[in-house]
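Data from upload-v9.cif: mmCIF, C-alpha atoms and all ligand atoms
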```cif
data_coords
#
loop_
_atom_site.group_PDB
_atom_site.id
_atom_site.type_symbol
_atom_site.label_atom_id
_atom_site.label_comp_id
_atom_site.auth_asym_id
_atom_site.auth_seq_id
_atom_site.Cartn_x
_atom_site.Cartn_y
_atom_site.Cartn_z
ATOM 1 C CA MET A 649 0.000 0.000 0.000
ATOM 2 C CA ALA A 650 1.230 3.462 -0.872
ATOM 3 C CA GLY A 651 2.076 5.726 2.088
ATOM 4 C CA SER A 652 1.697 9.493 1.889
ATOM 5 C CA ASP A 653 5.272 9.911 0.605
ATOM 6 C CA THR A 654 5.062 7.017 -1.874
ATOM 7 C CA PRO A 655 3.492 7.703 -5.283
ATOM 8 C CA LEU A 656 0.119 6.042 -5.750
ATOM 9 C CA LEU A 657 0.652 5.989 -9.526
ATOM 10 C CA THR A 658 3.934 5.905 -11.419
ATOM 11 C CA CYS A 659 4.167 6.029 -15.213
ATOM 12 C CA ALA A 660 7.593 5.444 -16.726
ATOM 13 C CA GLN A 661 8.149 6.246 -20.413
ATOM 14 C CA VAL A 662 4.571 5.296 -21.308
ATOM 15 C CA SER A 663 3.715 5.426 -24.988
ATOM 16 C CA ARG A 664 0.833 4.492 -27.285
ATOM 17 C CA HIS A 665 1.278 4.378 -31.012
ATOM 18 C CA PHE A 666 -1.474 4.224 -33.646
ATOM 19 C CA GLY A 667 0.466 3.157 -36.741
ATOM 20 C CA SER A 668 3.126 5.813 -37.241
ATOM 21 C CA LEU A 669 1.392 8.290 -34.873
ATOM 22 C CA ALA A 670 2.826 8.477 -31.348
ATOM 23 C CA ALA A 671 -0.376 9.632 -29.591
ATOM 24 C CA VAL A 672 1.398 9.230 -26.245
ATOM 25 C CA ASP A 673 5.142 9.518 -26.539
ATOM 26 C CA GLY A 674 7.285 8.625 -23.521
ATOM 27 C CA VAL A 675 5.212 10.119 -20.693
ATOM 28 C CA SER A 676 6.755 9.760 -17.228
ATOM 29 C CA LEU A 677 4.931 11.074 -14.188
ATOM 30 C CA GLN A 678 4.033 10.294 -10.613
ATOM 31 C CA VAL A 679 0.833 11.024 -8.722
ATOM 32 C CA MET A 680 0.973 11.278 -4.936
ATOM 33 C CA PRO A 681 -1.897 10.064 -2.714
ATOM 34 C CA GLY A 682 -4.515 12.785 -2.175
ATOM 35 C CA GLU A 683 -3.203 14.961 -4.989
ATOM 36 C CA VAL A 684 -5.289 16.646 -7.701
ATOM 37 C CA LEU A 685 -3.219 16.558 -10.871
ATOM 38 C CA GLY A 686 -4.544 18.618 -13.788
ATOM 39 C CA ILE A 687 -3.700 17.809 -17.403
ATOM 40 C CA GLY A 688 -4.160 20.347 -20.184
ATOM 41 C CA GLY A 689 -3.014 20.720 -23.753
ATOM 42 C CA PRO A 690 -4.301 21.299 -27.285
ATOM 43 C CA ASN A 691 -6.773 19.014 -29.070
ATOM 44 C CA GLY A 692 -5.062 15.827 -30.158
ATOM 45 C CA ALA A 693 -2.239 16.195 -27.602
ATOM 46 C CA GLY A 694 -2.779 12.635 -26.352
ATOM 47 C CA LYS A 695 -4.504 13.379 -23.037
ATOM 48 C CA THR A 696 -7.432 10.990 -23.455
ATOM 49 C CA THR A 697 -5.205 8.311 -24.958
ATOM 50 C CA PHE A 698 -2.994 8.613 -21.872
ATOM 51 C CA PHE A 699 -6.093 8.072 -19.670
ATOM 52 C CA ASP A 700 -7.079 5.105 -21.855
ATOM 53 C CA VAL A 701 -3.674 3.498 -21.390
ATOM 54 C CA VAL A 702 -3.534 3.992 -17.619
ATOM 55 C CA THR A 703 -7.100 2.755 -17.089
ATOM 56 C CA GLY A 704 -6.599 -0.311 -19.289
ATOM 57 C CA ILE A 705 -8.949 0.675 -22.122
ATOM 58 C CA THR A 706 -6.060 0.316 -24.550
ATOM 59 C CA ALA A 707 -2.677 -1.362 -24.082
ATOM 60 C CA PRO A 708 0.480 0.754 -24.008
ATOM 61 C CA SER A 709 2.987 0.340 -26.835
ATOM 62 C CA GLY A 710 5.812 0.835 -24.344
ATOM 63 C CA GLY A 711 6.684 1.841 -20.793
ATOM 64 C CA ARG A 712 5.568 0.663 -17.355
ATOM 65 C CA ILE A 713 2.660 1.686 -15.117
ATOM 66 C CA ARG A 714 2.529 1.013 -11.372
ATOM 67 C CA PHE A 715 -0.490 1.599 -9.135
ATOM 68 C CA ASP A 716 -0.313 1.137 -5.377
ATOM 69 C CA GLY A 717 2.750 -1.087 -5.632
ATOM 70 C CA HIS A 718 1.387 -3.290 -8.450
ATOM 71 C CA ASP A 719 2.681 -3.348 -12.006
ATOM 72 C CA ILE A 720 -0.623 -2.827 -13.891
ATOM 73 C CA THR A 721 0.951 -2.314 -17.328
ATOM 74 C CA THR A 722 -0.699 -5.381 -18.842
ATOM 75 C CA TRP A 723 -3.872 -5.442 -16.731
ATOM 76 C CA GLY A 724 -7.287 -5.084 -18.360
ATOM 77 C CA ALA A 725 -9.763 -2.297 -17.535
ATOM 78 C CA ASP A 726 -11.862 -4.483 -15.193
ATOM 79 C CA ARG A 727 -8.901 -5.572 -13.085
ATOM 80 C CA ILE A 728 -7.584 -1.996 -12.887
ATOM 81 C CA CYS A 729 -11.009 -0.796 -11.773
ATOM 82 C CA HIS A 730 -11.221 -3.536 -9.126
ATOM 83 C CA ALA A 731 -7.803 -2.411 -7.867
ATOM 84 C CA GLY A 732 -9.268 1.046 -7.153
ATOM 85 C CA VAL A 733 -8.919 3.134 -10.321
ATOM 86 C CA ALA A 734 -12.142 4.617 -11.748
ATOM 87 C CA ARG A 735 -12.706 7.034 -14.602
ATOM 88 C CA THR A 736 -15.261 9.121 -16.429
ATOM 89 C CA PHE A 737 -15.367 9.842 -20.140
ATOM 90 C CA GLN A 738 -15.330 12.971 -22.259
ATOM 91 C CA LEU A 739 -18.575 11.974 -23.947
ATOM 92 C CA ASN A 740 -21.608 10.572 -22.206
ATOM 93 C CA ALA A 741 -21.025 6.912 -21.354
ATOM 94 C CA ALA A 742 -24.306 5.794 -19.788
ATOM 95 C CA PHE A 743 -26.724 3.031 -20.739
ATOM 96 C CA ASP A 744 -29.288 5.447 -22.190
ATOM 97 C CA HIS A 745 -32.332 3.190 -21.813
ATOM 98 C CA LEU A 746 -31.660 2.311 -18.154
ATOM 99 C CA THR A 747 -32.639 4.434 -15.166
ATOM 100 C CA VAL A 748 -30.129 6.515 -13.250
ATOM 101 C CA GLN A 749 -30.149 3.955 -10.440
ATOM 102 C CA GLU A 750 -29.758 0.989 -12.783
ATOM 103 C CA ASN A 751 -26.745 2.633 -14.417
ATOM 104 C CA VAL A 752 -25.062 3.043 -11.046
ATOM 105 C CA GLN A 753 -26.026 -0.513 -10.083
ATOM 106 C CA VAL A 754 -24.158 -1.822 -13.128
ATOM 107 C CA ALA A 755 -21.076 0.179 -12.112
ATOM 108 C CA ALA A 756 -21.275 -0.969 -8.492
ATOM 109 C CA GLN A 757 -21.884 -4.592 -9.434
ATOM 110 C CA PHE A 758 -19.128 -4.988 -11.998
ATOM 111 C CA GLY A 759 -16.667 -2.284 -10.940
ATOM 112 C CA ARG A 760 -15.987 -3.328 -7.343
ATOM 113 C CA THR A 761 -14.919 -6.971 -7.589
ATOM 114 C CA ALA A 762 -14.530 -9.705 -10.187
ATOM 115 C CA ARG A 763 -17.875 -11.499 -10.730
ATOM 116 C CA ARG A 764 -17.810 -15.238 -11.033
ATOM 117 C CA PHE A 765 -21.420 -15.419 -12.145
ATOM 118 C CA PRO A 766 -23.322 -13.178 -14.557
ATOM 119 C CA GLY A 767 -26.539 -11.432 -13.541
ATOM 120 C CA LEU A 768 -27.647 -8.507 -11.464
ATOM 121 C CA TRP A 769 -28.359 -10.001 -8.042
ATOM 122 C CA LEU A 770 -27.278 -7.177 -5.775
ATOM 123 C CA SER A 771 -25.787 -7.715 -2.337
ATOM 124 C CA ASP A 772 -26.649 -5.327 0.507
ATOM 125 C CA THR A 773 -23.131 -3.883 0.245
ATOM 126 C CA THR A 774 -23.661 -3.136 -3.436
ATOM 127 C CA LYS A 775 -27.090 -1.601 -2.812
ATOM 128 C CA THR A 776 -25.613 0.646 -0.140
ATOM 129 C CA ALA A 777 -22.772 1.676 -2.471
ATOM 130 C CA VAL A 778 -25.340 2.638 -5.136
ATOM 131 C CA GLN A 779 -27.425 4.766 -2.763
ATOM 132 C CA GLU A 780 -24.326 6.465 -1.337
ATOM 133 C CA ALA A 781 -22.975 7.273 -4.805
ATOM 134 C CA LEU A 782 -26.331 8.721 -5.930
ATOM 135 C CA GLU A 783 -26.603 10.871 -2.805
ATOM 136 C CA PHE A 784 -22.950 11.919 -3.098
ATOM 137 C CA VAL A 785 -23.475 13.494 -6.524
ATOM 138 C CA GLY A 786 -26.987 14.782 -5.718
ATOM 139 C CA LEU A 787 -28.929 12.478 -8.051
ATOM 140 C CA GLY A 788 -30.881 10.710 -5.288
ATOM 141 C CA ALA A 789 -34.192 12.315 -6.254
ATOM 142 C CA LYS A 790 -33.694 11.442 -9.938
ATOM 143 C CA ARG A 791 -32.871 7.757 -9.429
ATOM 144 C CA GLN A 792 -35.898 6.567 -11.414
ATOM 145 C CA MET A 793 -35.303 8.850 -14.410
ATOM 146 C CA ILE A 794 -34.235 7.279 -17.683
ATOM 147 C CA ALA A 795 -30.629 8.261 -18.414
ATOM 148 C CA ARG A 796 -31.331 9.554 -21.921
ATOM 149 C CA ASP A 797 -33.763 12.140 -20.491
ATOM 150 C CA LEU A 798 -31.162 13.752 -18.234
ATOM 151 C CA PRO A 799 -29.767 17.208 -18.987
ATOM 152 C CA VAL A 800 -26.034 17.578 -19.656
ATOM 153 C CA LEU A 801 -24.981 18.329 -16.062
ATOM 154 C CA ASP A 802 -26.863 15.321 -14.694
ATOM 155 C CA ARG A 803 -25.270 13.068 -17.307
ATOM 156 C CA LYS A 804 -21.859 14.192 -16.084
ATOM 157 C CA LEU A 805 -22.984 13.592 -12.492
ATOM 158 C CA LEU A 806 -24.217 10.126 -13.459
ATOM 159 C CA MET A 807 -20.775 9.181 -14.781
ATOM 160 C CA ILE A 808 -19.215 10.432 -11.542
ATOM 161 C CA ALA A 809 -21.769 8.452 -9.513
ATOM 162 C CA GLY A 810 -20.840 5.314 -11.461
ATOM 163 C CA ALA A 811 -17.166 5.927 -10.788
ATOM 164 C CA MET A 812 -17.815 6.573 -7.077
ATOM 165 C CA ALA A 813 -19.879 3.388 -6.782
ATOM 166 C CA THR A 814 -16.792 1.324 -7.623
ATOM 167 C CA ASN A 815 -15.183 2.513 -4.358
ATOM 168 C CA PRO A 816 -12.138 4.099 -6.009
ATOM 169 C CA ARG A 817 -8.888 5.290 -4.457
ATOM 170 C CA MET A 818 -8.095 7.193 -7.634
ATOM 171 C CA ILE A 819 -10.359 8.806 -10.241
ATOM 172 C CA PHE A 820 -9.543 9.996 -13.753
ATOM 173 C CA LEU A 821 -11.976 12.687 -14.937
ATOM 174 C CA ASP A 822 -11.915 13.410 -18.678
ATOM 175 C CA GLU A 823 -13.245 16.928 -19.342
ATOM 176 C CA PRO A 824 -15.781 16.871 -16.496
ATOM 177 C CA VAL A 825 -17.061 20.393 -17.259
ATOM 178 C CA GLY A 826 -16.974 20.388 -21.082
ATOM 179 C CA GLY A 827 -20.217 21.990 -22.362
ATOM 180 C CA LEU A 828 -21.362 23.269 -18.950
ATOM 181 C CA ASN A 829 -22.277 26.833 -17.951
ATOM 182 C CA THR A 830 -20.572 28.788 -15.159
ATOM 183 C CA ASP A 831 -22.931 27.685 -12.359
ATOM 184 C CA GLU A 832 -22.699 24.074 -13.461
ATOM 185 C CA ILE A 833 -18.897 24.309 -13.547
ATOM 186 C CA ASP A 834 -18.966 25.586 -9.946
ATOM 187 C CA HIS A 835 -21.184 22.634 -9.018
ATOM 188 C CA ILE A 836 -18.693 20.098 -10.422
ATOM 189 C CA GLN A 837 -15.823 21.999 -8.837
ATOM 190 C CA ALA A 838 -17.431 21.624 -5.403
ATOM 191 C CA LEU A 839 -17.988 17.932 -6.096
ATOM 192 C CA VAL A 840 -14.340 17.370 -7.029
ATOM 193 C CA ARG A 841 -13.310 19.042 -3.777
ATOM 194 C CA LYS A 842 -15.692 16.721 -1.928
ATOM 195 C CA MET A 843 -14.040 13.716 -3.601
ATOM 196 C CA GLN A 844 -10.635 15.018 -2.596
ATOM 197 C CA ALA A 845 -11.857 15.527 0.988
ATOM 198 C CA ARG A 846 -12.735 11.815 0.994
ATOM 199 C CA GLY A 847 -9.092 11.057 0.291
ATOM 200 C CA ILE A 848 -9.575 10.138 -3.370
ATOM 201 C CA THR A 849 -6.613 10.944 -5.587
ATOM 202 C CA ILE A 850 -7.735 12.783 -8.721
ATOM 203 C CA VAL A 851 -6.323 13.271 -12.202
ATOM 204 C CA LEU A 852 -8.374 15.481 -14.473
ATOM 205 C CA ILE A 853 -8.217 16.655 -18.066
ATOM 206 C CA GLU A 854 -9.855 19.974 -18.801
ATOM 207 C CA HIS A 855 -9.737 22.788 -21.371
ATOM 208 C CA VAL A 856 -11.568 25.183 -19.009
ATOM 209 C CA MET A 857 -8.385 26.589 -17.527
ATOM 210 C CA ARG A 858 -9.841 28.353 -14.499
ATOM 211 C CA PHE A 859 -11.442 25.093 -13.397
ATOM 212 C CA LEU A 860 -8.232 23.148 -14.046
ATOM 213 C CA LEU A 861 -5.947 25.658 -12.358
ATOM 214 C CA SER A 862 -8.081 26.337 -9.300
ATOM 215 C CA LEU A 863 -8.543 22.652 -8.458
ATOM 216 C CA SER A 864 -5.126 21.258 -9.266
ATOM 217 C CA SER A 865 -2.195 21.146 -6.879
ATOM 218 C CA ARG A 866 0.043 20.420 -9.869
ATOM 219 C CA VAL A 867 -0.441 20.798 -13.612
ATOM 220 C CA ILE A 868 0.923 18.988 -16.639
ATOM 221 C CA ILE A 869 0.579 20.298 -20.179
ATOM 222 C CA MET A 870 0.862 17.810 -23.037
ATOM 223 C CA HIS A 871 1.605 18.471 -26.688
ATOM 224 C CA HIS A 872 2.191 15.918 -29.467
ATOM 225 C CA GLY A 873 2.035 13.088 -26.912
ATOM 226 C CA GLN A 874 4.706 14.549 -24.672
ATOM 227 C CA VAL A 875 4.783 16.456 -21.387
ATOM 228 C CA ILE A 876 5.932 19.976 -22.256
ATOM 229 C CA PHE A 877 5.244 21.535 -18.848
ATOM 230 C CA GLU A 878 4.968 20.360 -15.263
ATOM 231 C CA GLY A 879 4.548 22.790 -12.389
ATOM 232 C CA ARG A 880 2.276 24.789 -10.117
ATOM 233 C CA PRO A 881 -1.002 26.203 -11.509
ATOM 234 C CA ASP A 882 0.238 29.799 -11.198
ATOM 235 C CA GLN A 883 3.303 28.965 -13.329
ATOM 236 C CA VAL A 884 1.344 27.689 -16.355
ATOM 237 C CA ALA A 885 0.629 31.080 -17.940
ATOM 238 C CA GLU A 886 4.221 32.179 -17.321
ATOM 239 C CA ASP A 887 5.667 29.386 -19.436
ATOM 240 C CA GLN A 888 6.594 30.605 -22.911
ATOM 241 C CA THR A 889 6.223 27.204 -24.622
ATOM 242 C CA VAL A 890 2.754 26.685 -23.096
ATOM 243 C CA VAL A 891 1.661 30.172 -24.150
ATOM 244 C CA GLU A 892 2.876 29.595 -27.718
ATOM 245 C CA THR A 893 1.552 26.049 -28.205
ATOM 246 C CA TYR A 894 -1.674 26.148 -26.214
ATOM 247 C CA LEU A 895 -2.914 29.185 -24.321
ATOM 248 C CA GLY A 896 -2.169 32.080 -26.643
ATOM 249 C CA LYS A 897 -1.256 35.498 -25.281
ATOM 250 C CA GLY A 898 -4.861 36.593 -24.529
ATOM 251 C CA ALA A 899 -5.748 33.620 -22.329
ATOM 252 C CA ALA A 900 -2.327 33.697 -20.658
ATOM 253 C CA GLY A 901 -2.819 37.378 -19.778
ATOM 254 C CA ARG A 902 -6.269 36.711 -18.287
ATOM 255 C CA LEU A 903 -4.934 33.812 -16.219
ATOM 256 C CA LYS A 904 -2.024 35.887 -14.942
ATOM 257 C CA SER A 905 -4.382 38.622 -13.745
ATOM 258 C CA HIS A 906 -6.633 35.948 -12.200
ATOM 259 C CA PHE A 907 -3.698 34.720 -10.105
ATOM 260 C CA SER A 908 -2.465 38.189 -9.193
ATOM 261 C CA GLU A 909 -6.021 39.136 -8.052
ATOM 262 C CA ALA A 910 -6.204 35.921 -6.021
ATOM 263 C CA ASP A 911 -2.907 36.922 -4.338
ATOM 264 C CA HIS A 912 -4.552 40.112 -3.126
ATOM 265 C CA VAL A 913 -7.776 38.589 -1.790
HETATM 266 N N1 LIG A 1001 -8.115 4.729 -31.805
HETATM 267 C C1 LIG A 1001 -7.354 5.593 -32.470
HETATM 268 N N2 LIG A 1001 -6.852 5.302 -33.685
HETATM 269 C C2 LIG A 1001 -6.067 6.182 -34.358
HETATM 270 N N3 LIG A 1001 -5.711 7.399 -33.881
HETATM 271 C C3 LIG A 1001 -6.187 7.734 -32.676
HETATM 272 C C4 LIG A 1001 -7.024 6.875 -31.900
HETATM 273 N N4 LIG A 1001 -7.335 7.487 -30.726
HETATM 274 C C5 LIG A 1001 -6.729 8.679 -30.769
HETATM 275 N N5 LIG A 1001 -6.052 8.835 -31.916
HETATM 276 C C6 LIG A 1001 -5.238 9.995 -32.313
HETATM 277 O O1 LIG A 1001 -4.304 10.192 -31.261
HETATM 278 C C7 LIG A 1001 -4.074 11.595 -31.064
HETATM 279 C C8 LIG A 1001 -4.354 11.950 -29.629
HETATM 280 O O2 LIG A 1001 -5.767 11.896 -29.423
HETATM 281 P P1 LIG A 1001 -6.406 12.148 -27.985
HETATM 282 O O3 LIG A 1001 -7.883 11.974 -28.116
HETATM 283 O O4 LIG A 1001 -5.710 11.325 -26.984
HETATM 284 O O5 LIG A 1001 -6.061 13.691 -27.749
HETATM 285 P P2 LIG A 1001 -6.598 14.669 -26.628
HETATM 286 O O6 LIG A 1001 -5.430 15.435 -26.121
HETATM 287 O O7 LIG A 1001 -7.416 13.934 -25.626
HETATM 288 O O8 LIG A 1001 -7.541 15.653 -27.463
HETATM 289 P P3 LIG A 1001 -8.892 16.441 -27.059
HETATM 290 O O9 LIG A 1001 -8.487 17.553 -26.143
HETATM 291 O O10 LIG A 1001 -9.419 16.933 -28.372
HETATM 292 O O11 LIG A 1001 -9.821 15.448 -26.412
HETATM 293 C C9 LIG A 1001 -4.965 12.322 -32.077
HETATM 294 O O12 LIG A 1001 -4.193 12.621 -33.218
HETATM 295 C C10 LIG A 1001 -6.040 11.294 -32.398
HETATM 296 O O13 LIG A 1001 -6.569 11.480 -33.678
#
```
Would you mind writing the file's structure down as structure tokens?
Amino acid sequence: MAGSDTPLLTCAQVSRHFGSLAAVDGVSLQVMPGEVLGIGGPNGAGKTTFFDVVTGITAPSGGRIRFDGHDITTWGADRICHAGVARTFQLNAAFDHLTVQENVQVAAQFGRTARRFPGLWLSDTTKTAVQEALEFVGLGAKRQMIARDLPVLDRKLLMIAGAMATNPRMIFLDEPVGGLNTDEIDHIQALVRKMQARGITIVLIEHVMRFLLSLSSRVIIMHHGQVIFEGRPDQVAEDQTVVETYLGKGAAGRLKSHFSEADHV
């Protein structure tokens, strides 16, 4: 088990090639227990592919991945999830025709432990996990709604509820506030803080920089499959390479004034 000074996740020279394209190209990083690590970068930088590799959706072409002392490089997505790593997706990933509660039941049933037998007979522990996850994200009152009828924010919350129902130690959130308005972004921000307060280690991808920078204790910027920046949130807009390849001068200027105002609050 990882202690507080031992990385929970270690990636060493991780890569994923699609033919001649190196979507992820030699990424090495560590994530400490309890940390919120933010990942940014332009479209096509390899952020989602990196998540896919670490969570076992796709196999790495090279490198090693360790989670909580185990080498998980060759593990499948189910085994990685059972070990305590959950994730959400950029696009909606629910069973549209099932209810909110049924969606979370599927996650709780198959995401917590390996099932020897098929079927949806739910133990009391699983039922409790489902109710707790629904209440945690605030979807308790909508448990009987059909997933396809949910508005965008609730669909995002449903994915988070599914992830929470697997009892994770670490969660990967892929663009959790993409397409949301300012109030909805604040709502998700509060929820991420609540996850962190529970001791869950968080890695998140986001293009909404204020969200990314205010939540993260450390930030990585990727470009062409590689890490081009690693540092504190307030250093991101100061980095010339990041400004040129990703932020642009306008956004960098706004972020700098955001941080200098925050210094004076
Ligand atoms: N299954 C695949 N087959 C071929 N190429 C792929 C595949 N998945 C991703 N890619 C390519 O890999 C590169 C990285 O894509 P990825 O989705 O990881 O980027 P990203 O940083 O998450 O982008 P965005 O911010 O737009 O979500 C892109 O050029 C993409 O087209």
Output as a tab-separated table one row per residue of chain A within 6 Å of ligand LIG 1001 (chain A): the closest atom pair and its distance in Å to one decimal place, counting all atoms listed in the file, sorted by chain and residue number ascending.
```
residue	atom	partner	partner_atom	distance
A:Phe666	CA	A:LIG1001	C2	5.0
A:Ala671	CA	A:LIG1001	O1	4.3
A:Pro690	CA	A:LIG1001	O9	5.7
A:Asn691	CA	A:LIG1001	O10	3.4
A:Gly692	CA	A:LIG1001	O5	3.4
A:Ala693	CA	A:LIG1001	O6	3.6
A:Gly694	CA	A:LIG1001	O4	3.3
A:Lys695	CA	A:LIG1001	O6	3.8
A:Thr696	CA	A:LIG1001	O7	3.7
A:Thr697	CA	A:LIG1001	O4	3.7
```
For those residues, write C-alpha atoms to a file as a PDB file, keeping the file's coordinate frame.
```pdb
ATOM      1  CA  PHE A 666      -1.474   4.224 -33.646  1.00  0.00           C
ATOM      2  CA  ALA A 671      -0.376   9.632 -29.591  1.00  0.00           C
ATOM      3  CA  PRO A 690      -4.301  21.299 -27.285  1.00  0.00           C
ATOM      4  CA  ASN A 691      -6.773  19.014 -29.070  1.00  0.00           C
ATOM      5  CA  GLY A 692      -5.062  15.827 -30.158  1.00  0.00           C
ATOM      6  CA  ALA A 693      -2.239  16.195 -27.602  1.00  0.00           C
ATOM      7  CA  GLY A 694      -2.779  12.635 -26.352  1.00  0.00           C
ATOM      8  CA  LYS A 695      -4.504  13.379 -23.037  1.00  0.00           C
ATOM      9  CA  THR A 696      -7.432  10.990 -23.455  1.00  0.00           C
ATOM     10  CA  THR A 697      -5.205   8.311 -24.958  1.00  0.00           C
TER      11      THR A 697
END
```
Inset, instruction - I would like the residues chosen by the PyMOL selection byres (((chain A and resi 687) around 10) and not hetatm) on the shown file; could you give them as a ChimeraX atom specification? - result: /A:684-686,688-689,695-696,822-823,851-855,857,860-861,864,866-870,875,877-878
Inset, instruction - Can you turn the PyMOL selection byres (((chain A and resi 903) around 9) and not hetatm) into a concrete residue list for this file, as a VMD selection string? - result: chain A and resid 857 to 858 882 884 to 885 898 to 902 904 to 908
Carefully work through the PyMOL selection byres (((chain A and resi 794-796) around 7) and not hetatm) for this structure and note down the residues it includes, as an mmCIF file with C-alpha atoms, keeping the file's coordinate frame.
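Now in out22.cif:
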```
data_model
loop_
_atom_site.group_PDB
_atom_site.id
_atom_site.type_symbol
_atom_site.label_atom_id
_atom_site.label_comp_id
_atom_site.auth_asym_id
_atom_site.auth_seq_id
_atom_site.Cartn_x
_atom_site.Cartn_y
_atom_site.Cartn_z
ATOM 1 C CA ALA A 742 -24.306 5.794 -19.788
ATOM 2 C CA PHE A 743 -26.724 3.031 -20.739
ATOM 3 C CA ASP A 744 -29.288 5.447 -22.190
ATOM 4 C CA HIS A 745 -32.332 3.190 -21.813
ATOM 5 C CA LEU A 746 -31.660 2.311 -18.154
ATOM 6 C CA THR A 747 -32.639 4.434 -15.166
ATOM 7 C CA VAL A 748 -30.129 6.515 -13.250
ATOM 8 C CA GLN A 792 -35.898 6.567 -11.414
ATOM 9 C CA MET A 793 -35.303 8.850 -14.410
ATOM 10 C CA ASP A 797 -33.763 12.140 -20.491
ATOM 11 C CA LEU A 798 -31.162 13.752 -18.234
#
```
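Picture a line from CA of Ser676 in chain A to CA of Ser709 in chain A; it runs 14.0 Å.
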Legend entry - Sel. within 12 Å of pt (-14.0, -9.7, -10.4), counting only C-alpha atoms, output as a list in words: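 So the residues meeting the distance criterion are Gly724, Ala725, Asp726, Arg727, Ile728, Cys729, His730, Ala731, Ala756, Gln757, Phe758, Gly759, Arg760, Thr761, Ala762, Arg763, Arg764, Phe765, Pro766 and Thr814 of chain A.
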Legend entry - Nearest to Ile876 in chain A, chosen from A:Gly667, A:Gly788, A:Gly711, A:Gly674, with all atoms listed in the file counted in the distances: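 Smallest distance to Ile876 in chain A is found for A:Gly674.
Coordinates place CA of Phe820 in chain A at a distance of 18.6 Å from CA of Asp834 in chain A.
A straight line drawn from CA of Thr736 in chain A to CA of Ile808 in chain A is 6.4 Å long.
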Inset, instruction - Identify which of the residues A:Asp716, A:Glu832, A:Asp673, A:Asp653 lies closest to Arg817 in chain A, counting only C-alpha atoms when measuring atom-to-atom distances. - result: A:Asp716
Inset, instruction - Name the residues in contact with Val679 in chain A at a cut-off of 8 Å, using all atoms listed in the file, excluding same-chain residues fewer than 6 positions from it; report them as a VMD selection string. - result: chain A and resid 655 to 658 685
